[in-house]
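Here's the structure, in structure tokens; my notes come after.
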Amino acid sequence: MASRQDWLEEGFRVLSEDGAPALTVERLTARLKLTKGSFYHHFRGMAGYKTDLLAHYETEHTGRYVAEAERRGGTAGARLRHLLELALEDKGVSDGLEIAVRAWALQDAEVRALQQRVDRLRVDYLRDLLREAGGPDTDTAPLARLLYLLLVGAQQLVPPLPAEELREVYALALRLAPQEEGAPS
């Protein structure tokens with residue numbers, strides 16, 4: 001029997017590969033080689049599955065990154081660099097999912113609300129790190145948006161910008177970031 005987590009992770013794979021229209025009970029059960037009863041054991045229909053899938057997306061693709069950066073500790077600049085590395089490490093896996101969720105958000109109000117919340121949480125965390133690093137409020141919000149737009153834009157290119165090339169772009173952009181006292185320039 002598949003766990004709730006297995007169903008959600010399979011949903012991410014279906015979304016990444018074929019988009020939201022392919023996300024059906026039949027498709028999921030066929031891929032996991034399980035019955036509909038197994039699906040309904042964990043979820044209250046497709047509407048409940050979608051809600052749980054979106055919550056899992058927010059937790060795994062936003063909350064986990066923030067938690068890992070915070071757990072790593074150190075200066076704000078060190079946490080920012082660690083956060084960017086985490087995003088770049090998962091880039092190949094997450095690009096398709098991020099694109100699929102954004103496309104889905106254009107057609108579904110619940111997904112759109114989630115995407116807006118996730119975007120806001122991500123930019124706010126970047127802004128908080130930049131502010132903590134010593135940046136003036138007038139500069140931290142635009143720079144946080146710039147760093148986030150680099151990631152989103154890199155995903156939208158066809159093919160998506162490889163992590164190594166995005167790393168170079170981030171290195172250039174981070175030169176605009178406030179430098180903490182005692183940090184190397």
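Ordered as shown in the structure tokens, chains take letters A, B, and onward, while each chain numbers its residues from 1 and ligands are numbered from 1 in the order shown.
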- Determine, counting only C-alpha atoms, which protein, DNA and RNA residues have an atom within 10 Å of an atom of segment 64-67 of chain A; residues of the same chain fewer than 2 positions away are not included. Present the result as a list in words. Tyr57, Glu58, Thr59, Glu60, His61, Thr62, Ala69, Glu70, Arg71, Arg72, Gly73, Arg79, Leu80, His82, Leu83, Leu84, Glu85, Leu86, Ala87, Leu121, Arg122, Tyr125 and Leu126 of chain A
Residues near Gln5 of chain A, cut-off 9 Å, only C-alpha atoms, skip fewer than 4 positions along chain, as a PDB file with all heavy atoms, in the first residue's frame:
ATOM      1  N   GLU A   9       3.835  12.638  -3.903  1.00  0.00           N
ATOM      2  CA  GLU A   9       5.042  12.694  -4.733  1.00  0.00           C
ATOM      3  C   GLU A   9       4.747  12.251  -6.166  1.00  0.00           C
ATOM      4  O   GLU A   9       5.287  12.815  -7.120  1.00  0.00           O
ATOM      5  CB  GLU A   9       6.161  11.841  -4.116  1.00  0.00           C
ATOM      6  CG  GLU A   9       6.713  12.395  -2.810  1.00  0.00           C
ATOM      7  CD  GLU A   9       7.349  13.773  -2.923  1.00  0.00           C
ATOM      8  OE1 GLU A   9       7.986  14.058  -3.964  1.00  0.00           O
ATOM      9  OE2 GLU A   9       7.190  14.574  -1.987  1.00  0.00           O
ATOM     10  N   GLU A  10       3.877  11.274  -6.307  1.00  0.00           N
ATOM     11  CA  GLU A  10       3.486  10.843  -7.661  1.00  0.00           C
ATOM     12  C   GLU A  10       2.715  11.965  -8.359  1.00  0.00           C
ATOM     13  O   GLU A  10       2.867  12.181  -9.564  1.00  0.00           O
ATOM     14  CB  GLU A  10       2.660   9.556  -7.618  1.00  0.00           C
ATOM     15  CG  GLU A  10       2.489   8.917  -8.971  1.00  0.00           C
ATOM     16  CD  GLU A  10       3.799   8.504  -9.612  1.00  0.00           C
ATOM     17  OE1 GLU A  10       4.735   8.072  -8.894  1.00  0.00           O
ATOM     18  OE2 GLU A  10       3.911   8.628 -10.849  1.00  0.00           O
ATOM     19  N   HIS A  56       1.349  20.344   0.324  1.00  0.00           N
ATOM     20  CA  HIS A  56       2.618  19.616   0.296  1.00  0.00           C
ATOM     21  C   HIS A  56       3.641  20.367  -0.555  1.00  0.00           C
ATOM     22  O   HIS A  56       4.820  20.457  -0.199  1.00  0.00           O
ATOM     23  CB  HIS A  56       2.375  18.202  -0.237  1.00  0.00           C
ATOM     24  CG  HIS A  56       3.561  17.307  -0.184  1.00  0.00           C
ATOM     25  ND1 HIS A  56       4.229  17.007   0.981  1.00  0.00           N
ATOM     26  CD2 HIS A  56       4.215  16.633  -1.169  1.00  0.00           C
ATOM     27  CE1 HIS A  56       5.239  16.188   0.722  1.00  0.00           C
ATOM     28  NE2 HIS A  56       5.256  15.953  -0.584  1.00  0.00           N
TER      29      HIS A  56
END
May I have a table of the residues of segment 74-148 of chain A lying at most 12 Å from segment 41-47 of chain A, giving each one's closest pair of atoms and their distance in Å to one decimal, counting only C-alpha atoms, ordered by chain and ascending residue number, as JSON lines?
{"residue": "A:Asp108", "atom": "CA", "partner": "A:Ala47", "partner_atom": "CA", "distance": 11.9}
{"residue": "A:Glu110", "atom": "CA", "partner": "A:Ala47", "partner_atom": "CA", "distance": 10.3}
{"residue": "A:Val111", "atom": "CA", "partner": "A:Ala47", "partner_atom": "CA", "distance": 11.6}
- Fewer than 6 positions away in the same chain doesn't count, so skip those; otherwise give me all residues within 7 Å of Leu15 of chain A, counting only C-alpha atoms, as a PyMOL selection string. chain A and resi 23+97+100
Produce a file of the selected residues containing all heavy atoms, as a PDB file, in the first residue's frame.
ATOM      1  N   LEU A  23      -3.655  15.106 -14.093  1.00  0.00           N
ATOM      2  CA  LEU A  23      -3.739  14.739 -12.687  1.00  0.00           C
ATOM      3  C   LEU A  23      -5.140  14.188 -12.387  1.00  0.00           C
ATOM      4  O   LEU A  23      -6.056  14.939 -12.049  1.00  0.00           O
ATOM      5  CB  LEU A  23      -3.436  15.972 -11.827  1.00  0.00           C
ATOM      6  CG  LEU A  23      -3.034  15.771 -10.389  1.00  0.00           C
ATOM      7  CD1 LEU A  23      -1.800  14.887 -10.272  1.00  0.00           C
ATOM      8  CD2 LEU A  23      -2.744  17.118  -9.754  1.00  0.00           C
ATOM      9  N   LEU A  97       8.094  21.080 -12.174  1.00  0.00           N
ATOM     10  CA  LEU A  97       6.997  21.225 -11.219  1.00  0.00           C
ATOM     11  C   LEU A  97       6.626  22.691 -11.047  1.00  0.00           C
ATOM     12  O   LEU A  97       5.447  23.047 -11.055  1.00  0.00           O
ATOM     13  CB  LEU A  97       7.369  20.597  -9.877  1.00  0.00           C
ATOM     14  CG  LEU A  97       6.303  20.668  -8.796  1.00  0.00           C
ATOM     15  CD1 LEU A  97       5.024  19.956  -9.235  1.00  0.00           C
ATOM     16  CD2 LEU A  97       6.838  20.061  -7.498  1.00  0.00           C
ATOM     17  N   ALA A 100       4.732  23.823 -14.084  1.00  0.00           N
ATOM     18  CA  ALA A 100       3.390  23.229 -14.119  1.00  0.00           C
ATOM     19  C   ALA A 100       2.451  23.903 -13.122  1.00  0.00           C
ATOM     20  O   ALA A 100       1.283  24.169 -13.439  1.00  0.00           O
ATOM     21  CB  ALA A 100       3.478  21.734 -13.842  1.00  0.00           C
TER      22      ALA A 100
END
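Compared by their closest atoms to Pro21 of chain A, and using only C-alpha atoms, the residues A:Val93, A:Leu88, A:Val101, A:Leu161 rank with A:Val101 nearest.
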- Which of these, A:Asp6, A:Asp95, A:Gly63, A:Ala22, has the shortest distance to Pro159 of chain A once you count only C-alpha atoms?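 Residue with the minimum atom-to-atom distance to Pro159 of chain A: A:Asp95.
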